[in-house]
Every structure is written in structure tokens, then in C-alpha cells.
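Visitor: One file: entry06.cif (mmCIF, C-alpha atoms).
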data_structure
loop_
_atom_site.label_atom_id
_atom_site.label_comp_id
_atom_site.auth_asym_id
_atom_site.auth_seq_id
_atom_site.Cartn_x
_atom_site.Cartn_y
_atom_site.Cartn_z
CA MET A 87 -83.22 -35.63 56.46
CA THR A 88 -84.54 -36.13 59.98
CA ILE A 89 -83.09 -34.65 63.12
CA ASP A 90 -84.52 -35.91 66.41
CA ARG A 91 -85.46 -33.64 69.28
CA GLU A 92 -82.52 -34.76 71.36
CA THR A 93 -80.14 -33.63 68.63
CA ILE A 94 -81.96 -30.30 68.31
CA GLY A 95 -81.51 -29.84 72.06
CA ALA A 96 -77.83 -30.75 71.92
CA PHE A 97 -77.40 -28.29 69.06
CA VAL A 98 -78.90 -25.46 71.11
CA ASP A 99 -76.84 -26.52 74.15
CA GLY A 100 -73.61 -26.39 72.14
CA GLU A 101 -73.00 -30.09 72.76
CA LEU A 102 -72.56 -31.26 69.16
CA ASN A 103 -69.24 -31.79 67.43
CA GLU A 104 -68.38 -29.96 64.24
CA ILE A 105 -69.75 -32.61 61.87
CA GLU A 106 -73.03 -33.06 63.72
CA ARG A 107 -73.46 -29.32 63.97
CA ARG A 108 -73.02 -28.86 60.24
CA ARG A 109 -75.56 -31.59 59.63
CA VAL A 110 -78.11 -29.83 61.83
CA GLU A 111 -77.38 -26.47 60.23
CA ALA A 112 -77.96 -27.95 56.81
CA ALA A 113 -81.26 -29.47 57.98
CA LEU A 114 -82.32 -26.12 59.48
CA ALA A 115 -81.79 -24.32 56.22
CA ASP A 116 -83.75 -27.05 54.52
CA ASN A 117 -86.74 -27.52 56.76
CA PRO A 118 -88.61 -24.74 58.57
CA VAL A 119 -89.97 -27.23 61.12
CA PHE A 120 -86.47 -27.79 62.51
CA ALA A 121 -85.84 -24.06 62.53
CA GLN A 122 -89.02 -23.59 64.59
CA GLN A 123 -87.91 -26.29 67.00
CA VAL A 124 -84.56 -24.60 67.48
CA GLU A 125 -86.33 -21.31 68.02
CA ALA A 126 -88.63 -22.87 70.65
CA GLU A 127 -85.63 -24.41 72.44
CA ARG A 128 -83.84 -21.08 72.49
CA ARG A 129 -86.89 -19.33 73.87
CA LEU A 130 -87.19 -21.97 76.56
CA ARG A 131 -83.54 -21.49 77.54
CA ALA A 132 -84.03 -17.74 77.63
CA LEU A 133 -87.18 -18.05 79.74
CA LEU A 134 -85.46 -20.38 82.22
CA LYS A 135 -82.56 -17.97 82.52
CA ALA A 136 -84.90 -15.04 82.92
CA ARG A 137 -86.81 -16.88 85.62
CA PHE A 138 -83.95 -18.29 87.68
CA ASP A 139 -80.86 -16.11 87.07
CA PRO A 140 -82.25 -13.23 89.15
CA ILE A 141 -82.23 -15.59 92.15
CA ALA A 142 -78.45 -15.88 91.88
CA GLU A 143 -78.28 -12.09 91.86
CA GLU A 144 -80.39 -11.52 94.98
CA PRO A 145 -78.67 -11.11 98.32
CA VAL A 146 -78.35 -14.54 99.93
CA PRO A 147 -80.60 -14.85 103.03
CA GLU A 148 -78.56 -14.34 106.18
CA ARG A 149 -79.48 -17.68 107.64
CA LEU A 150 -77.63 -19.46 104.82
CA GLY A 151 -74.41 -17.53 105.34
CA ASP A 152 -74.89 -18.14 109.07
CA ALA A 153 -75.21 -21.87 108.43
CA VAL A 154 -71.83 -21.90 106.67
CA ARG A 155 -70.23 -19.81 109.41
CA ALA A 156 -71.75 -22.02 112.11
CA GLY A 157 -69.98 -24.95 110.46
CA ALA A 158 -66.72 -23.01 110.40
CA LYS A 159 -66.80 -22.79 114.20
CA VAL A 160 -66.59 -26.54 114.67
CA VAL A 161 -63.78 -26.94 112.16
CA PRO A 162 -60.53 -28.30 113.65
CA LEU A 163 -58.11 -25.52 114.51
CA ARG A 164 -55.42 -26.58 112.07
CA ARG A 165 -57.77 -25.86 109.20
CA ARG A 166 -58.61 -22.44 110.53
CA ALA A 167 -55.05 -21.31 111.07
CA GLY A 168 -54.58 -17.90 109.51
CA TRP A 169 -58.29 -17.27 109.06
CA ALA A 170 -59.11 -14.71 111.73
CA ALA A 171 -62.83 -14.04 111.55
CA PRO A 172 -62.99 -10.42 110.29
CA GLN A 173 -60.45 -11.06 107.55
CA TRP A 174 -62.28 -14.21 106.54
CA ALA A 175 -65.61 -12.40 106.41
CA ALA A 176 -64.15 -9.72 104.17
CA ILE A 177 -62.73 -12.30 101.77
CA ALA A 178 -66.03 -14.16 101.68
CA ALA A 179 -67.84 -10.91 100.87
CA THR A 180 -65.40 -10.25 98.04
CA LEU A 181 -65.95 -13.70 96.64
CA VAL A 182 -69.73 -13.26 96.65
CA LEU A 183 -69.50 -9.85 95.06
CA GLY A 184 -67.13 -11.11 92.39
CA LEU A 185 -69.41 -13.97 91.56
CA VAL A 186 -72.51 -11.80 91.26
CA LEU A 187 -70.79 -9.19 89.13
CA GLY A 188 -69.16 -11.85 86.99
CA ARG A 189 -72.51 -13.42 86.34
CA GLN A 190 -74.18 -10.21 85.26
CA LEU A 191 -71.46 -9.39 82.78
CA GLN A 192 -71.19 -12.90 81.45
CA PRO A 193 -72.53 -13.42 77.95
CA VAL A 194 -75.23 -16.05 77.49
CA ARG A 195 -73.54 -19.40 76.86
CA ASP A 196 -75.25 -20.32 73.62
CA PRO A 197 -75.95 -18.01 70.73
CA LEU A 198 -79.39 -16.51 71.23
CA LEU A 199 -79.91 -14.70 67.99
CA ALA A 200 -83.00 -12.63 67.38
CA THR A 201 -85.08 -13.81 64.43
CA GLY A 202 -88.27 -12.81 62.62
CA PRO A 203 -90.08 -9.60 63.59
CA LEU A 204 -87.79 -8.99 66.55
CA ALA A 205 -84.66 -9.08 64.37
CA GLN A 206 -86.38 -6.84 61.83
CA ALA A 207 -87.39 -4.32 64.50
CA LEU A 208 -83.93 -4.29 66.09
CA GLU A 209 -82.35 -3.62 62.72
CA THR A 210 -84.66 -0.92 61.40
CA GLN A 211 -87.29 0.33 63.86
CA LEU A 212 -86.81 3.79 65.34
CA ALA A 213 -87.89 4.34 68.93
CA SER A 214 -88.78 7.88 67.90
CA ALA A 215 -91.17 6.74 65.15
CA GLN A 216 -92.83 3.46 65.97
CA PRO A 217 -96.39 2.61 65.04
CA PRO A 218 -98.67 2.34 68.11
CA ASN A 219 -99.53 -1.27 67.22
CA ALA A 220 -95.94 -2.39 66.62
CA PRO A 221 -95.47 -5.95 67.94
CA VAL A 222 -92.01 -5.01 69.21
CA ARG A 223 -91.22 -1.66 70.77
CA MET A 224 -87.71 -0.27 70.85
CA GLY A 225 -86.47 1.50 73.97
CA LEU A 226 -82.92 2.75 74.43
CA THR A 227 -80.18 2.47 71.84
CA PHE A 228 -76.63 2.72 73.12
CA LYS A 229 -73.05 1.73 72.48
CA ALA A 230 -71.84 -0.93 74.91
CA ARG A 231 -68.41 -0.82 76.50
CA ASP A 232 -67.33 -3.68 74.23
CA GLY A 233 -68.02 -1.38 71.25
CA THR A 234 -71.18 -3.15 70.02
CA TRP A 235 -74.50 -1.45 69.36
CA CYS A 236 -77.21 -2.51 71.80
CA ARG A 237 -80.93 -1.81 72.02
CA THR A 238 -83.55 -2.49 74.67
CA PHE A 239 -86.87 -3.83 73.44
CA GLU A 240 -90.30 -4.76 74.73
CA GLN A 241 -92.62 -7.29 73.21
CA LYS A 242 -95.60 -9.27 74.32
CA ARG A 243 -93.92 -12.12 76.18
CA LEU A 244 -90.31 -11.14 76.47
CA ASP A 245 -88.41 -7.90 77.09
CA GLY A 246 -84.68 -7.58 76.86
CA ILE A 247 -81.48 -6.16 75.47
CA ALA A 248 -79.98 -7.28 72.17
CA CYS A 249 -76.58 -6.32 70.79
CA ARG A 250 -75.44 -6.35 67.19
CA ASP A 251 -72.93 -9.06 66.45
CA GLY A 252 -71.69 -9.90 62.99
CA GLY A 253 -74.80 -8.65 61.17
CA ALA A 254 -77.23 -10.33 63.60
CA TRP A 255 -78.72 -9.30 66.94
CA ARG A 256 -77.70 -11.36 69.91
CA LEU A 257 -80.01 -11.42 72.95
CA ARG A 258 -78.04 -10.41 76.01
CA GLN A 259 -80.64 -9.87 78.75
CA LEU A 260 -84.19 -11.17 78.90
CA VAL A 261 -87.15 -10.86 81.25
CA PRO A 262 -90.66 -12.26 80.77
CA GLY A 263 -93.02 -9.67 79.31
CA PRO A 264 -96.36 -8.40 80.66
CA ALA A 265 -98.57 -11.23 79.39
CA GLN A 266 -97.18 -13.37 82.20
CA ALA A 267 -97.21 -11.19 85.27
CA THR A 268 -97.53 -7.45 85.77
CA GLU A 269 -95.10 -7.54 88.68
CA TYR A 270 -92.45 -9.04 86.48
CA ARG A 271 -92.98 -6.39 83.90
CA GLN A 272 -92.38 -3.59 86.34
CA ALA A 273 -89.42 -5.31 87.95
CA GLY A 274 -88.24 -6.30 84.49
CA SER A 275 -88.31 -2.82 82.96
CA GLY A 276 -86.28 -1.51 85.87
CA ALA A 277 -83.87 -4.41 85.63
CA ILE A 278 -83.46 -3.94 81.88
CA ALA A 279 -82.83 -0.22 82.26
CA ALA A 280 -80.30 -0.89 85.03
CA ALA A 281 -78.60 -3.59 82.96
CA ALA A 282 -78.46 -1.23 79.97
CA GLN A 283 -76.85 1.43 82.11
CA ASP A 284 -74.27 -1.10 83.31
CA MET A 285 -73.45 -2.16 79.78
CA ALA A 286 -73.38 1.29 78.20
CA ALA A 287 -70.16 3.13 77.41
CA ASP A 288 -72.00 6.44 77.19
CA VAL A 289 -75.48 7.98 77.35
CA PRO A 290 -78.14 6.48 75.02
CA LEU A 291 -78.55 7.87 71.52
CA ASP A 292 -81.04 10.63 70.90
CA ALA A 293 -83.58 10.44 68.05
CA VAL A 294 -81.23 11.93 65.45
CA GLN A 295 -78.30 9.72 66.39
CA GLU A 296 -80.58 6.69 66.42
CA ARG A 297 -81.77 7.45 62.90
CA LEU A 298 -78.18 7.91 61.70
CA ALA A 299 -77.18 4.57 63.25
CA VAL A 300 -80.06 2.77 61.51
CA GLU A 301 -79.40 4.50 58.18
CA SER A 302 -75.70 3.61 58.30
CA ASP A 303 -76.63 -0.07 58.90
CA TRP A 304 -75.05 0.03 62.34
CA LYS A 305 -71.53 0.71 61.06
CA MET B 261 -57.31 -22.57 96.78
CA ASP B 262 -56.64 -25.09 99.54
CA GLY B 263 -58.79 -26.66 102.21
CA GLN B 264 -58.65 -23.55 104.35
CA SER B 265 -60.97 -21.73 101.96
CA PHE B 266 -63.70 -24.37 102.13
CA GLU B 267 -66.19 -22.05 103.85
CA GLY B 268 -65.16 -19.12 101.69
CA ASP B 269 -65.69 -21.17 98.56
CA MET B 270 -69.03 -22.33 99.85
CA ILE B 271 -70.16 -18.77 100.60
CA ALA B 272 -69.20 -17.84 97.06
CA LEU B 273 -71.27 -20.73 95.72
CA LEU B 274 -74.42 -19.80 97.65
CA PRO B 275 -76.04 -17.69 94.92
CA ARG B 276 -75.76 -20.55 92.43
CA LEU B 277 -76.83 -23.16 94.96
CA ARG B 278 -79.91 -21.09 95.73
CA ARG B 279 -80.74 -20.82 92.05
CA PHE B 280 -80.47 -24.58 91.68
CA ALA B 281 -82.60 -25.11 94.79
CA HIS B 282 -85.27 -22.77 93.43
CA ALA B 283 -85.31 -24.65 90.14
CA LEU B 284 -85.84 -27.94 92.03
CA ALA B 285 -88.13 -27.10 94.93
CA ARG B 286 -91.82 -26.35 94.73
CA SER B 287 -91.73 -23.08 96.63
CA PRO B 288 -89.20 -20.38 97.46
CA ALA B 289 -89.38 -21.25 101.17
CA ASP B 290 -88.75 -24.93 100.42
CA ALA B 291 -85.83 -23.91 98.23
CA ASP B 292 -84.07 -21.99 100.98
CA ASP B 293 -84.75 -24.80 103.45
CA LEU B 294 -83.21 -27.20 100.97
CA CYS B 295 -80.24 -24.89 100.65
CA GLN B 296 -79.73 -24.75 104.39
CA ALA B 297 -80.03 -28.53 104.77
CA SER B 298 -77.47 -28.97 101.97
CA ILE B 299 -75.00 -26.62 103.64
CA GLU B 300 -75.37 -28.47 106.94
CA ARG B 301 -74.93 -31.84 105.26
CA ALA B 302 -71.88 -30.62 103.32
CA LEU B 303 -70.21 -29.25 106.45
CA LYS B 304 -70.88 -32.48 108.28
CA SER B 305 -69.37 -34.56 105.45
CA ARG B 306 -66.65 -32.15 104.45
CA ASP B 307 -64.01 -34.84 104.95
CA GLN B 308 -65.53 -36.64 101.97
CA TRP B 309 -64.83 -33.73 99.68
CA GLN B 310 -61.56 -34.14 97.77
CA PRO B 311 -59.72 -30.83 97.64
CA GLY B 312 -58.88 -30.09 94.03
CA THR B 313 -62.17 -31.49 92.75
CA ARG B 314 -65.10 -29.24 91.99
CA LEU B 315 -66.92 -28.04 95.08
CA ASP B 316 -69.90 -26.92 93.00
CA SER B 317 -70.52 -30.39 91.52
CA TRP B 318 -70.20 -31.93 94.98
CA MET B 319 -72.68 -29.44 96.44
CA TYR B 320 -75.13 -29.93 93.55
CA ARG B 321 -74.99 -33.66 94.21
CA ILE B 322 -75.63 -33.25 97.94
CA MET B 323 -78.54 -30.92 97.28
CA ARG B 324 -80.06 -33.11 94.61
CA ASN B 325 -79.87 -36.19 96.86
CA LEU B 326 -81.50 -34.37 99.76
CA TRP B 327 -84.23 -33.14 97.45
CA VAL B 328 -84.90 -36.65 96.17
CA ASP B 329 -85.01 -38.00 99.76
CA GLU B 330 -87.35 -35.22 100.83
CA ALA B 331 -89.65 -35.79 97.85
CA ARG B 332 -89.74 -39.50 98.68
CA ALA B 333 -90.49 -38.82 102.35
CA ARG B 334 -93.38 -36.61 101.37
CA GLY B 335 -94.62 -39.28 99.03
CA ARG B 336 -97.46 -38.26 96.85
CA ARG B 337 -99.50 -36.50 99.48
CA ASP B 338 -98.73 -33.06 98.04
CA GLN B 339 -98.42 -33.30 94.32
CA THR B 340 -99.40 -29.68 94.04
CA PHE B 341 -98.16 -26.57 95.74
CA ALA B 342 -98.50 -26.71 99.53
CA PRO B 343 -98.36 -23.15 100.82
CA GLU B 344 -99.61 -23.83 104.35
CA GLU B 345 -96.98 -26.37 105.04
CA ALA B 346 -94.18 -24.37 103.52
CA GLY B 347 -95.34 -21.24 105.34
CA ALA B 348 -95.64 -23.00 108.67
CA HIS B 349 -91.98 -23.75 109.17
CA VAL B 350 -90.38 -20.68 107.72
CA GLY B 351 -91.69 -18.18 110.31
CA ASP B 352 -91.35 -14.60 109.09
CA ASP B 353 -90.58 -15.82 105.61
CA GLY B 354 -94.30 -16.56 105.33
CA ALA B 355 -95.40 -13.19 104.00
CA ARG B 356 -92.62 -13.12 101.47
CA HIS B 357 -93.52 -16.61 100.43
CA ILE B 358 -97.13 -15.67 99.72
CA GLU B 359 -96.03 -12.62 97.79
CA LEU B 360 -93.70 -14.68 95.64
CA LYS B 361 -96.34 -17.28 95.11
CA LEU B 362 -98.52 -14.63 93.49
CA GLU B 363 -95.79 -14.14 90.91
CA LEU B 364 -95.74 -17.75 89.80
CA THR B 365 -95.35 -17.78 86.08
CA ASP B 366 -96.52 -20.21 83.48
CA LEU B 367 -93.01 -21.57 83.63
CA ASP B 368 -93.22 -22.44 87.33
CA ARG B 369 -96.41 -24.36 86.75
CA ALA B 370 -94.93 -26.20 83.83
CA MET B 371 -91.77 -27.00 85.82
CA SER B 372 -93.74 -28.25 88.81
CA ARG B 373 -95.51 -30.77 86.59
CA LEU B 374 -92.30 -32.36 85.40
CA PRO B 375 -91.23 -35.70 86.87
CA ALA B 376 -88.30 -35.25 89.28
CA GLU B 377 -85.77 -36.90 86.96
CA GLN B 378 -86.60 -34.50 84.12
CA ARG B 379 -86.73 -31.50 86.40
CA GLU B 380 -83.26 -32.09 87.83
CA ALA B 381 -81.82 -32.56 84.34
CA ILE B 382 -83.39 -29.26 83.21
CA ALA B 383 -82.15 -27.50 86.36
CA LEU B 384 -78.55 -28.68 85.95
CA VAL B 385 -78.17 -28.12 82.21
CA LEU B 386 -80.53 -25.30 81.28
CA VAL B 387 -80.56 -23.34 84.54
CA GLU B 388 -77.09 -24.00 85.95
CA GLY B 389 -75.40 -24.32 82.56
CA LEU B 390 -73.54 -27.56 83.26
CA ALA B 391 -72.17 -29.53 80.32
CA TYR B 392 -73.91 -32.87 79.71
CA LYS B 393 -70.87 -34.71 81.07
CA GLU B 394 -70.86 -32.68 84.28
CA ALA B 395 -74.60 -33.01 84.81
CA ALA B 396 -74.50 -36.77 84.24
CA ALA B 397 -71.69 -37.03 86.82
CA VAL B 398 -73.72 -35.06 89.41
CA LEU B 399 -76.69 -37.37 88.88
CA ASP B 400 -74.48 -40.45 88.62
CA VAL B 401 -76.18 -41.63 85.41
CA PRO B 402 -74.80 -42.34 81.91
CA ILE B 403 -74.85 -39.38 79.52
CA GLY B 404 -77.46 -41.10 77.34
CA THR B 405 -79.82 -41.28 80.31
CA LEU B 406 -79.27 -37.62 81.07
CA THR B 407 -79.88 -36.51 77.49
CA SER B 408 -83.05 -38.52 77.12
CA ARG B 409 -84.48 -37.12 80.41
CA LEU B 410 -83.44 -33.65 79.38
CA SER B 411 -85.08 -34.03 76.00
CA ARG B 412 -88.35 -35.31 77.44
CA GLY B 413 -88.35 -32.50 79.99
CA ARG B 414 -87.84 -29.85 77.34
CA GLU B 415 -90.53 -31.26 75.10
CA ALA B 416 -92.97 -31.28 78.02
CA LEU B 417 -92.13 -27.67 78.96
CA ILE B 418 -92.41 -26.44 75.40
CA ALA B 419 -95.71 -28.26 74.94
CA GLU B 420 -97.05 -26.88 78.23
CA LEU B 421 -95.93 -23.33 77.57
CA GLY B 422 -97.27 -23.57 74.05
CA LYS B 423 -97.63 -20.16 72.55
CA ALA B 424 -96.09 -18.48 75.57
CA ILE B 425 -92.72 -19.14 74.03
#
What would you get if you wrote out this structure as C-alpha cells?

Guide:
Amino acid sequence: MTIDRETIGAFVDGELNEIERRRVEAALADNPVFAQQVEAERRLRALLKARFDPIAEEPVPERLGDAVRAGAKVVPLRRRAGWAAPQWAAIAATLVLGLVLGRQLQPVRDPLLATGPLAQALETQLASAQPPNAPVRMGLTFKARDGTWCRTFEQKRLDGIACRDGGAWRLRQLVPGPAQATEYRQAGSGAIAAAAQDMAADVPLDAVQERLAVESDWK
Amino acid sequence: MDGQSFEGDMIALLPRLRRFAHALARSPADADDLCQASIERALKSRDQWQPGTRLDSWMYRIMRNLWVDEARARGRRDQTFAPEEAGAHVGDDGARHIELKLELTDLDRAMSRLPAEQREAIALVLVEGLAYKEAAAVLDVPIGTLTSRLSRGREALIAELGKAI
């Protein structure tokens, strides 16, 4: 069975109907080449999100807000009725804040499931006992407010947070790893730690609790 | 929300508009200039916006059209990154611009090599998360055109990034 690249893309984008999706899933199970293509598409999506999503989380430069407000001044009065400036500014600030917070807490749109060595490490590797040459390094393990187990990880090209979901590990936050840019790594580690803190219901597990969680298969 | 919240809605959209601009433009300074030009254009043509329709799609369309016009005006004289030019008209943004330029990733390089029509498809679907139907409407092209540009763009990025992903 052949599946073209466009269909692989649509599969990853969640744009296929039920029948088409089943067909692709069957082909994936059948042919490792398709599985690799899906994996590459998912990585690309994750990289694009990691590169551009932080821009939507930065404070917007003042001149852009000013440009909108400058336009508001020339708006006919009937449209501005009831929008005294200070009240309007406060509402605008609330809207921006809501949007930024909403975005951070929003799950990634398509399923980004960890596979291969990363999935293996997330499932079984202890932060307290990892080999120095491990391809993936575990960081914090914690219980998220939605009740799922989550772990931060570092690997060569991509750092992030993954949470356990129905026996698999779903990637929730991603930043490019150190092979791309040292600056990103430093910013990224801080961002990952901050994101973990935001997601966590409680303090991270200690070494004993982490071992118990692994040994109980994340029950 | 009614027409009175036009500016409020637009303020709320700014983070996403900036992200889209950064995915399109060749430099951070260009991206914020593009954002500002889009806001000004939108305010000037606000009577053309139909309340009740999506402000975000309308703004994406304005921004994308300005970007295409700008790219055309520049022609092919700066196929590659043009820091002097971008730095020259952003004033005190210059230092920040240079700093950010140092952080250009493999991905930025790969994105900057994409033809405009593939880049805008990638930006709308993979960066902004629009459904194919929505993205095709913003670009005013049939869905089949969008998906084939998107697919070629992705293949080019994956090939360029190679083992990086």
C-alpha cells in the first residue's frame, strides 16, 4: 500500500476522516518507512512550535499596542460610546493576559507521542541513576494538576516535558536542544522548569518516590 | 462581542499576529514592522471587516497581502538576510535585532529558503494551527492548492533539517 506525503501530512495535522485515518494507521503498522515519515513530520511540527510559540508569549512591543490605540482615537464617536480610555485599557490588558495564559495551558493540537529511546527513557529511566552517556536525560518527575504523571527530559536536539497518557508519553512542551544554539538551551532549560512548575500539582518527586512510580508502571 | 470591541479584539490578537509575522518575515525587526503596517492597514479599512466574522482570519489575510507586496517591491535584490537594511529603520531595535540574529537556528535558515507560497502555508497551518479550510480561505486558494504547497514546504524543511529532526 502506498501513502503519499500529502496524506502523511494530513494525518499528522488531524485533517483526515475516519476511513482515511484507519488506512494510514494500517500502512504505518505495515511499513516502517511511513512510520519514519510520520515521526519526521511530528518533529517538524514540534520544532516549529518551539521556535515560534515563544513569540506569542513575549510582551508585545509597545509601538504595536500604540498603533492600535492611535487608530482608536480617529474612530467615530458612536463606536467609542461607553469605552472610556482607562476602562478600555484594563479590558484590553485582561484580554492579552487571558490569551497568553490560555496558550500556555493549551495542549498541543495533534498527538505528539514519544517513540523509540525517548519513550523508553520516559517510561523506565530514573533521574537518580542514569548512565553518563544516556542519550536522553530525565529531569523532574511530577504529578500535573490534571492528575497525569509528567517528566522533564533533555536530549541532543530537543528538550521538553512529556506526560503519561493512556500508556504512552505525550509531548507537552518542547524547546530545541543544545546542538542548535547554546542560548536556546539556557533559555530553554529555564522555560521548561518554569513550565513544569506551572503544570505541577505539587513538588517534584524525590529519588525514592520516582523509583516507586517507575516500579508501579505509573499507576 | 460587537463592533465596539474592535480595538480590544485586535490588542488580544497581537501576540498571534506577531508570531505569524515572525514566521513570514526574514528578520525580527521586519516582522514587527510588518505587524505595525498590518495594524495600520486594518484600522484604515475597518469598515470592510464584517462584525461576526473572524477578525483573526481577516488580519492574517491583511498581513499576508502586505508581506507579498513588500516582497515583490524588494524584488530579488535581497534573497538572503539583510541586517543593515532591517537595522537601519528600526532605530533602537537594532541591537536587539543583532542579538536575535545570532540565535538563528537551522530552522530559520531552512524557512528562509522556502518559496513564499510554501512559507505562508507552513506559517498558517503548522505555526498558527489553522485548519486547511481556514488557511485556504486566508490565502484565497482552493484547498488542493494549499495542501500541495504545504506538502512541498514540509518536504523541503525536513530535507534541509535532515538529521536535526

Visitor: In the coordinates of the file, take the point (-82.0, -3.1, 67.1) and a cut-off of 6 Å; then, counting only C-alpha atoms, name each qualifying protein, DNA or RNA residue as a CSV table (one decimal) with C-alpha atoms, keeping the file's coordinate frame.

Guide:
chain,number,residue,atom,x,y,z
A,208,LEU,CA,-83.9,-4.3,66.1
A,209,GLU,CA,-82.4,-3.6,62.7
A,237,ARG,CA,-80.9,-1.8,72.0

Visitor: Here is a test: counting all atoms listed in the file, which residue of A:Leu260, A:Glu111, A:Val146, A:Val98 is nearest to B:Ala272?

Guide: A:Val146

Visitor: When you draw a straight line from atom CA of B:Met270 to atom CA of B:Glu380, how long is it in Å?

Guide: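 It comes out at 21.0 Å.
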
Visitor: Between atom CA of B:Arg286 and atom CA of B:Trp309, what is the spacing in Å?

Guide: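 Distance reported for this atom pair: 28.4 Å.
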
Visitor: Dump as JSON, numbers by chain the residues of chain B that approach chain A to within 8 Å, counting only C-alpha atoms.

Guide: {"B": [263, 264, 267, 268, 269, 270, 271, 272, 273, 274, 275, 276, 278, 279, 282, 283, 292, 295, 296, 299, 300, 303, 304, 363, 365, 366, 367, 386, 387, 389, 391, 392, 407, 408, 411, 414, 417, 418, 424, 425]}

Visitor: Of the candidates B:Ser317, B:Ser298, B:Gln308, B:Ser265, which one gets nearest to B:Leu399 if we count all atoms listed in the file?

Guide: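 Under the stated criterion, the closest residue is B:Ser317.
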
Visitor: I want to know what sits within 10 Å of A:Gly253, based on all atoms listed in the file, with residues of the same chain fewer than 4 positions away left out; could you give that as a list in words?

Guide: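 After dropping sequence-adjacent residues, the list is Glu209, Asp303, Trp304 and Lys305 of chain A.
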
Visitor: Rounded to one decimal place, report the atom CA of B:Ser287-atom CA of B:Arg332 distance in Å.

Guide: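 A separation of 16.7 Å between them.
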
Visitor: I'd like the neighbourhood of stretch 377-379 of chain B as a list in words, where a residue qualifies if any of its atoms comes within 8 Å (using all atoms listed in the file), though same-chain residues fewer than 6 positions away should be ignored.

Guide: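 The neighbour list is Ala283, Leu284, Met371, Arg409, Leu410, Arg412 and Gly413 of chain B.
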